[in-house]
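Asks: Quick one: the structure is below, and I'll ask about it shortly.
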Amino acid sequence: MPEMNSKSAYPYGSPGSFYQGRGGKNKKPRSSHRLLIIFIFALVLALGASFAYFMTRDRGVSSLTIFPTKLIALHFQHNGQELLLLPDSQVIVNPRDSLQLVRIRTDGWLSWGTRVVSSDVDVKQVGKKPGVTIRDLFPQESFETPKLVELRVLLWNRPIGKVSFLVQLDYKDWLHRANTSADIDKRIAYLEKALQDNGSNILLKTQLAGLYFDIKRYHDAARLYEEIDKSGKSRNISEKLLLVYQIMNKTDEALGVYLDLLKLSEEQQMFSEFLTYLKQKKASDQAEKFLEKYEREIPHSFRSQVLVEIAQLAGEDKNWHKAASAWERAEKAGVMDSNVQYNLAVTLLREGKADEAVVEFEKYLRKNSNDTQTWTLLAEIYEKKGNHAQAKAIYESIVQKNPRNKEALLSLVPILEKLDDKTGQTANYERLLQIEPNNRKYLFNAAMLYMDQKKYDRAQTHLQTIASMDPRDVESRKQLLVIFQKLRNDKGEIQVRQELVKLDPQNPANMDSVYKYYEDRKDYKGMQAYFQGVAEQNPDSGSVHKYLLQAATKLGDKKSALHELEILIRLQPKEKKYYRLAAYLYEESGNYAEASRKLEAILKIDFKDQKAKEDYERVKIEQLRKTASPGKQGPS
């Protein structure tokens, strides 16, 4: 056995490298070994310090590990926006989307050997800038069935986490495929899938219903048209639904749609088609009952024709009692069957021969000059023909005989508007106000007409009447505001503006209006006094305190400005500008400690704020100078 003190027993160097014997000659240590040890030690310390800094900054000392043990998150750019996926999470994406893997985040410091793999997709393509379109990763894939893509994160070959994407089409894709497919069955299938994804889309429902109709799936077409119709009435859809009901022989449903169409159009041709269909599908007594039941739902413009039809249907059924009752109702409505000229006039009018009808009505009225209803009917005919002057003359004649004839006065309103007779309109509204002095509509319309004629005093009187009747009426006060501005009545203007704020305190436009009033007049004391009162009622309103800050700033009231800034910082703790302005004011007043605290708050919000960093360093220096020179202490 070799002796222990032989050179061969020390594989890393001679004994003299580590130990010097007593009384022996000292051997010089090998400098290369020592330098290597120092270098390794320094490197470990540096890496450890860097590691500890980053890990404590991100997660705290307790999660400090050197080598990864688990996935924390995968960072992606999805359609140009950051997407963070936690382990085992799944996100739904569209083939049109772009995707780029940006970063693998683990619980380890060293990332050697960490990689992302997938059996479903080429991960290298996902990692390229500026990202890859998902459809390009699967050029042969149609995606008509959703595709699951799993990404696994490995440390060398050991899995430490995974995430997944579910790639599926949305309604836009299905709609595109439907629009580009020549096969009607496929188009229907694609639209059905699109509708599953976006069930409230009216365009999809309309398109699909049309295809159902084309292949004679009338029940399905009717179902979709009914859904669309419930969401909002439109003539186009109602006409399509009517056609489907007619094909399916659903008479009552078709008649219901006719009623909707009459409300939408009020066209004579539509009304004629409705009556024709009604009489084709129902017996006389049933048609008569139907018209009586839905008489109030048919537009008023067809009422006289409905009454005549009811009377005629009752006569066709030889139900003379019912016919007599119907004609009596028609007579009360202005249809006088006992007079030849009148009945002839009505017949001509129904046939669209208005000129001949006017001649017959005039013959009738020569014998029945006190028949106000017929005069009114004649005026309506003139109005429909565009002869507004003649219609106006008839109505004025009626009013002259009976100044309290409200129907004639109301009928004059649209005619005078079409003739642009503002003087006549105001006079007409004043006559209506004699009948109903507190009618807000008449008061308001008359006031607007007076304003057009620059008769602001009359307009103001009517608007103030409305405002006194309803303390919460906004529109009258808005118009009063216009008048006070026109008259340069500052007292009235600010009073109305303040009333509008009270009526709708949540509307920022109202408070902005008051603020602008004071700002335009440079009345910052008035601004401060007013908004202090508002702040007492609404202490957490950021807008109010902004106005108070503006007033204090303009007045040079730094104490009030700092008070408002502290409130705004409390209300909006993430708004850097309030901290910055407060820091400036505190620094200006010599309160460097509070100024530095405000700048520290900015850096907590945004540690990259270079201006805050520079200001913070400068304030700290000033604070140190102040501490070093206590005899020169400024006000705080």
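Labels for the structure tokens follow display order: chains A, B, ..., residues from 1 in each chain, ligands from 1.
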So that I can see what lies close to region 589-595 of chain A, please list as a PyMOL selection string the residues with an atom at most 10 Å from it, counting only C-alpha atoms and leaving out residues fewer than 2 positions away in the same chain.

Replies: chain A and resi 558-559+579-587+597-601+615-616+618-624+626+633-636

Asks: Those residues you just picked out, can you put them in a file as an mmCIF file, in the first residue's frame with N, CA and C atoms?

Replies:
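What ended up in result34.cif:
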```
data_model
loop_
_atom_site.group_PDB
_atom_site.id
_atom_site.type_symbol
_atom_site.label_atom_id
_atom_site.label_comp_id
_atom_site.auth_asym_id
_atom_site.auth_seq_id
_atom_site.Cartn_x
_atom_site.Cartn_y
_atom_site.Cartn_z
ATOM 1 N N LYS A 558 -53.796 78.177 -2.537
ATOM 2 C CA LYS A 558 -53.067 76.901 -2.526
ATOM 3 C C LYS A 558 -53.608 75.941 -1.466
ATOM 4 N N LYS A 559 -54.047 76.489 -0.341
ATOM 5 C CA LYS A 559 -54.576 75.631 0.716
ATOM 6 C C LYS A 559 -55.817 74.887 0.233
ATOM 7 N N TYR A 579 -51.435 63.514 -7.977
ATOM 8 C CA TYR A 579 -50.259 63.371 -7.119
ATOM 9 C C TYR A 579 -49.181 64.369 -7.541
ATOM 10 N N ARG A 580 -48.983 64.510 -8.853
ATOM 11 C CA ARG A 580 -47.909 65.372 -9.351
ATOM 12 C C ARG A 580 -48.175 66.838 -8.992
ATOM 13 N N LEU A 581 -49.435 67.274 -9.192
ATOM 14 C CA LEU A 581 -49.762 68.652 -8.871
ATOM 15 C C LEU A 581 -49.672 68.907 -7.365
ATOM 16 N N ALA A 582 -50.131 67.916 -6.579
ATOM 17 C CA ALA A 582 -50.030 68.060 -5.122
ATOM 18 C C ALA A 582 -48.568 68.129 -4.693
ATOM 19 N N ALA A 583 -47.713 67.298 -5.284
ATOM 20 C CA ALA A 583 -46.285 67.322 -4.958
ATOM 21 C C ALA A 583 -45.693 68.683 -5.272
ATOM 22 N N TYR A 584 -46.093 69.247 -6.397
ATOM 23 C CA TYR A 584 -45.579 70.564 -6.790
ATOM 24 C C TYR A 584 -45.989 71.624 -5.759
ATOM 25 N N LEU A 585 -47.268 71.591 -5.344
ATOM 26 C CA LEU A 585 -47.733 72.599 -4.390
ATOM 27 C C LEU A 585 -47.079 72.415 -3.014
ATOM 28 N N TYR A 586 -46.930 71.139 -2.594
ATOM 29 C CA TYR A 586 -46.262 70.891 -1.311
ATOM 30 C C TYR A 586 -44.803 71.345 -1.361
ATOM 31 N N GLU A 587 -44.154 71.067 -2.480
ATOM 32 C CA GLU A 587 -42.757 71.502 -2.619
ATOM 33 C C GLU A 587 -42.678 73.018 -2.607
ATOM 34 N N ARG A 597 -43.713 62.099 -0.565
ATOM 35 C CA ARG A 597 -44.688 61.007 -0.433
ATOM 36 C C ARG A 597 -45.591 60.934 -1.658
ATOM 37 N N LYS A 598 -45.965 62.087 -2.181
ATOM 38 C CA LYS A 598 -46.809 62.085 -3.379
ATOM 39 C C LYS A 598 -46.042 61.546 -4.589
ATOM 40 N N LEU A 599 -44.769 61.892 -4.679
ATOM 41 C CA LEU A 599 -43.972 61.380 -5.797
ATOM 42 C C LEU A 599 -43.733 59.874 -5.656
ATOM 43 N N GLU A 600 -43.556 59.424 -4.398
ATOM 44 C CA GLU A 600 -43.439 57.974 -4.171
ATOM 45 C C GLU A 600 -44.708 57.251 -4.629
ATOM 46 N N ALA A 601 -45.864 57.881 -4.379
ATOM 47 C CA ALA A 601 -47.128 57.269 -4.794
ATOM 48 C C ALA A 601 -47.194 57.131 -6.312
ATOM 49 N N ASP A 615 -38.095 64.248 -10.179
ATOM 50 C CA ASP A 615 -38.662 65.146 -9.166
ATOM 51 C C ASP A 615 -38.426 64.602 -7.761
ATOM 52 N N TYR A 616 -38.559 63.281 -7.634
ATOM 53 C CA TYR A 616 -38.362 62.656 -6.312
ATOM 54 C C TYR A 616 -36.930 62.885 -5.822
ATOM 55 N N ARG A 618 -34.867 65.236 -6.743
ATOM 56 C CA ARG A 618 -34.659 66.642 -6.460
ATOM 57 C C ARG A 618 -35.287 67.033 -5.131
ATOM 58 N N VAL A 619 -36.514 66.560 -4.870
ATOM 59 C CA VAL A 619 -37.184 66.898 -3.609
ATOM 60 C C VAL A 619 -36.437 66.321 -2.416
ATOM 61 N N LYS A 620 -35.911 65.103 -2.590
ATOM 62 C CA LYS A 620 -35.151 64.479 -1.505
ATOM 63 C C LYS A 620 -33.915 65.314 -1.178
ATOM 64 N N ILE A 621 -33.251 65.826 -2.204
ATOM 65 C CA ILE A 621 -32.082 66.670 -1.978
ATOM 66 C C ILE A 621 -32.486 67.939 -1.231
ATOM 67 N N GLU A 622 -33.608 68.542 -1.663
ATOM 68 C CA GLU A 622 -34.087 69.744 -0.973
ATOM 69 C C GLU A 622 -34.453 69.444 0.474
ATOM 70 N N GLN A 623 -35.014 68.240 0.666
ATOM 71 C CA GLN A 623 -35.406 67.845 2.032
ATOM 72 C C GLN A 623 -34.158 67.694 2.906
ATOM 73 N N LEU A 624 -33.099 67.114 2.346
ATOM 74 C CA LEU A 624 -31.840 66.956 3.098
ATOM 75 C C LEU A 624 -31.235 68.329 3.411
ATOM 76 N N LYS A 626 -32.840 71.072 3.751
ATOM 77 C CA LYS A 626 -33.681 71.683 4.779
ATOM 78 C C LYS A 626 -33.357 71.112 6.153
ATOM 79 N N GLN A 633 -35.792 76.824 7.943
ATOM 80 C CA GLN A 633 -36.989 76.002 7.650
ATOM 81 C C GLN A 633 -38.127 76.864 7.113
ATOM 82 N N GLY A 634 -38.722 76.408 6.040
ATOM 83 C CA GLY A 634 -39.842 77.125 5.414
ATOM 84 C C GLY A 634 -41.163 76.715 6.010
ATOM 85 N N PRO A 635 -42.234 77.306 5.576
ATOM 86 C CA PRO A 635 -43.582 76.935 6.080
ATOM 87 C C PRO A 635 -43.982 75.570 5.578
ATOM 88 N N SER A 636 -44.773 74.853 6.356
ATOM 89 C CA SER A 636 -45.239 73.516 5.969
ATOM 90 C C SER A 636 -46.738 73.491 6.004
#
```

Asks: Report as a PyMOL selection string: the residues of region 35-228 of chain A with a DSSP assignment of helix (DSSP H, G or I), based on the backbone of this structure.

Replies: chain A and resi 35-58+61-63+123-127+134-137+171-180+184-197+202-214+218-228

Asks: Measuring atom to atom with only C-alpha atoms, identify which of A:Tyr517, A:Phe165, A:Trp112, A:Tyr364 is nearest to Asp97 (chain A).

Replies: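 That would be A:Phe165, the residue with the smallest distance to Asp97 (chain A).
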
Asks: Give the answer as one residue: which of A:Gln140, A:Thr69, A:Gln81, A:Gln528 has the shortest atom-to-atom distance to Thr106 (chain A), using only C-alpha atoms?

Replies: A:Thr69

Asks: Using only C-alpha atoms, which of A:Lys129, A:Arg187, A:His300, A:Lys422 sits nearest Leu211 (chain A)?

Replies: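 Comparing A:Lys129, A:Arg187, A:His300, A:Lys422 against Leu211 (chain A), the winner is A:Arg187.
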
Asks: If you measure from CA of Asn201 (chain A) to CA of Leu99 (chain A), what distance in Å do you get, rounded to one decimal?

Replies: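 Separation of CA of Asn201 (chain A) and CA of Leu99 (chain A): 28.3 Å.
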
Asks: Which residue is closest to Glu144 (chain A)? Choose from A:Ala189, A:Leu85, A:Leu432, A:Ala254 and count only C-alpha atoms.

Replies: A:Ala189

Asks: Using DSSP on the backbone coordinates, identify all residues within region 85-204 of chain A classified as strand (DSSP E); present the result as an NGL selection string.

Replies: :A and (85 or 90-93 or 98-106 or 114-117 or 132-133 or 147-155 or 158-167)

Asks: What's the 9 Å shell around region 228-242 of chain A, counting only C-alpha atoms, without same-chain residues fewer than 2 positions away, as a PyMOL selection string?

Replies: chain A and resi 200+202+205-206+210+221-226+244-247+253-258+260-261+264-265

Asks: Deliver the residues from the most recent selection as a file, using N, CA and C atoms, as a compact mmCIF listing (two decimals), in the first residue's frame.

Replies:
```
# COMPACT_ATOMS: atom_id res chain seq x y z
N SER A 200 -79.33 35.87 -32.11
CA SER A 200 -80.15 37.08 -32.21
C SER A 200 -79.93 37.84 -33.52
N ILE A 202 -80.53 39.09 -36.89
CA ILE A 202 -81.70 39.19 -37.77
C ILE A 202 -81.35 38.83 -39.20
N LYS A 205 -81.27 35.07 -39.58
CA LYS A 205 -82.61 34.50 -39.55
C LYS A 205 -83.36 34.76 -40.86
N THR A 206 -83.21 35.98 -41.37
CA THR A 206 -83.90 36.33 -42.62
C THR A 206 -83.39 35.48 -43.78
N GLY A 210 -85.53 32.54 -45.76
CA GLY A 210 -85.72 32.57 -47.21
C GLY A 210 -85.36 31.25 -47.87
N ALA A 221 -89.73 28.27 -41.97
CA ALA A 221 -89.66 29.65 -42.43
C ALA A 221 -90.56 30.54 -41.57
N ALA A 222 -91.78 30.07 -41.30
CA ALA A 222 -92.71 30.85 -40.49
C ALA A 222 -92.16 31.07 -39.08
N ARG A 223 -91.55 30.03 -38.52
CA ARG A 223 -90.99 30.15 -37.16
C ARG A 223 -89.94 31.27 -37.09
N LEU A 224 -89.04 31.30 -38.08
CA LEU A 224 -88.00 32.34 -38.07
C LEU A 224 -88.59 33.73 -38.33
N TYR A 225 -89.52 33.81 -39.29
CA TYR A 225 -90.12 35.12 -39.56
C TYR A 225 -90.89 35.62 -38.34
N GLU A 226 -91.51 34.70 -37.60
CA GLU A 226 -92.22 35.10 -36.37
C GLU A 226 -91.24 35.64 -35.34
N VAL A 244 -96.19 33.32 -46.33
CA VAL A 244 -96.05 31.97 -45.76
C VAL A 244 -97.38 31.51 -45.16
N TYR A 245 -98.02 32.39 -44.37
CA TYR A 245 -99.30 32.03 -43.76
C TYR A 245 -100.36 31.74 -44.82
N GLN A 246 -100.34 32.52 -45.89
CA GLN A 246 -101.32 32.28 -46.96
C GLN A 246 -101.09 30.93 -47.63
N ILE A 247 -99.83 30.58 -47.87
CA ILE A 247 -99.52 29.28 -48.46
C ILE A 247 -99.92 28.15 -47.53
N GLU A 253 -103.94 33.88 -38.74
CA GLU A 253 -102.59 34.44 -38.61
C GLU A 253 -102.31 35.44 -39.74
N ALA A 254 -102.74 35.11 -40.96
CA ALA A 254 -102.53 36.02 -42.09
C ALA A 254 -103.28 37.33 -41.88
N LEU A 255 -104.50 37.27 -41.37
CA LEU A 255 -105.26 38.49 -41.11
C LEU A 255 -104.59 39.34 -40.03
N GLY A 256 -103.99 38.67 -39.04
CA GLY A 256 -103.25 39.41 -38.00
C GLY A 256 -102.07 40.17 -38.60
N VAL A 257 -101.39 39.55 -39.56
CA VAL A 257 -100.28 40.22 -40.23
C VAL A 257 -100.79 41.39 -41.07
N TYR A 258 -101.95 41.21 -41.71
CA TYR A 258 -102.53 42.32 -42.47
C TYR A 258 -102.75 43.54 -41.57
N ASP A 260 -101.05 44.34 -38.96
CA ASP A 260 -99.73 44.95 -38.74
C ASP A 260 -99.30 45.79 -39.94
N LEU A 261 -99.52 45.25 -41.14
CA LEU A 261 -99.12 45.96 -42.35
C LEU A 261 -99.92 47.26 -42.52
N LEU A 264 -98.35 49.79 -40.41
CA LEU A 264 -97.04 50.20 -40.92
C LEU A 264 -97.15 51.10 -42.14
N SER A 265 -98.13 50.86 -43.00
CA SER A 265 -98.16 51.57 -44.28
C SER A 265 -99.32 52.54 -44.43
```

Asks: Pick out the residues sitting within 12 Å of Ile569 (chain A), and hand them over as a PyMOL selection string; count only C-alpha atoms, and ignore anything fewer than 3 positions along from it in its own chain.

Replies: chain A and resi 540+542+545-546+562-566+572-583+598+601-602

Asks: Would you list the contacts of Lys289 (chain A) as an NGL selection string, taking every protein, DNA or RNA residue within 12 Å and counting only C-alpha atoms, but skipping same-chain residues closer than 6 positions in sequence?

Replies: :A and (278-279 or 282-283 or 295 or 306-307 or 309-311 or 313-314 or 322 or 326)
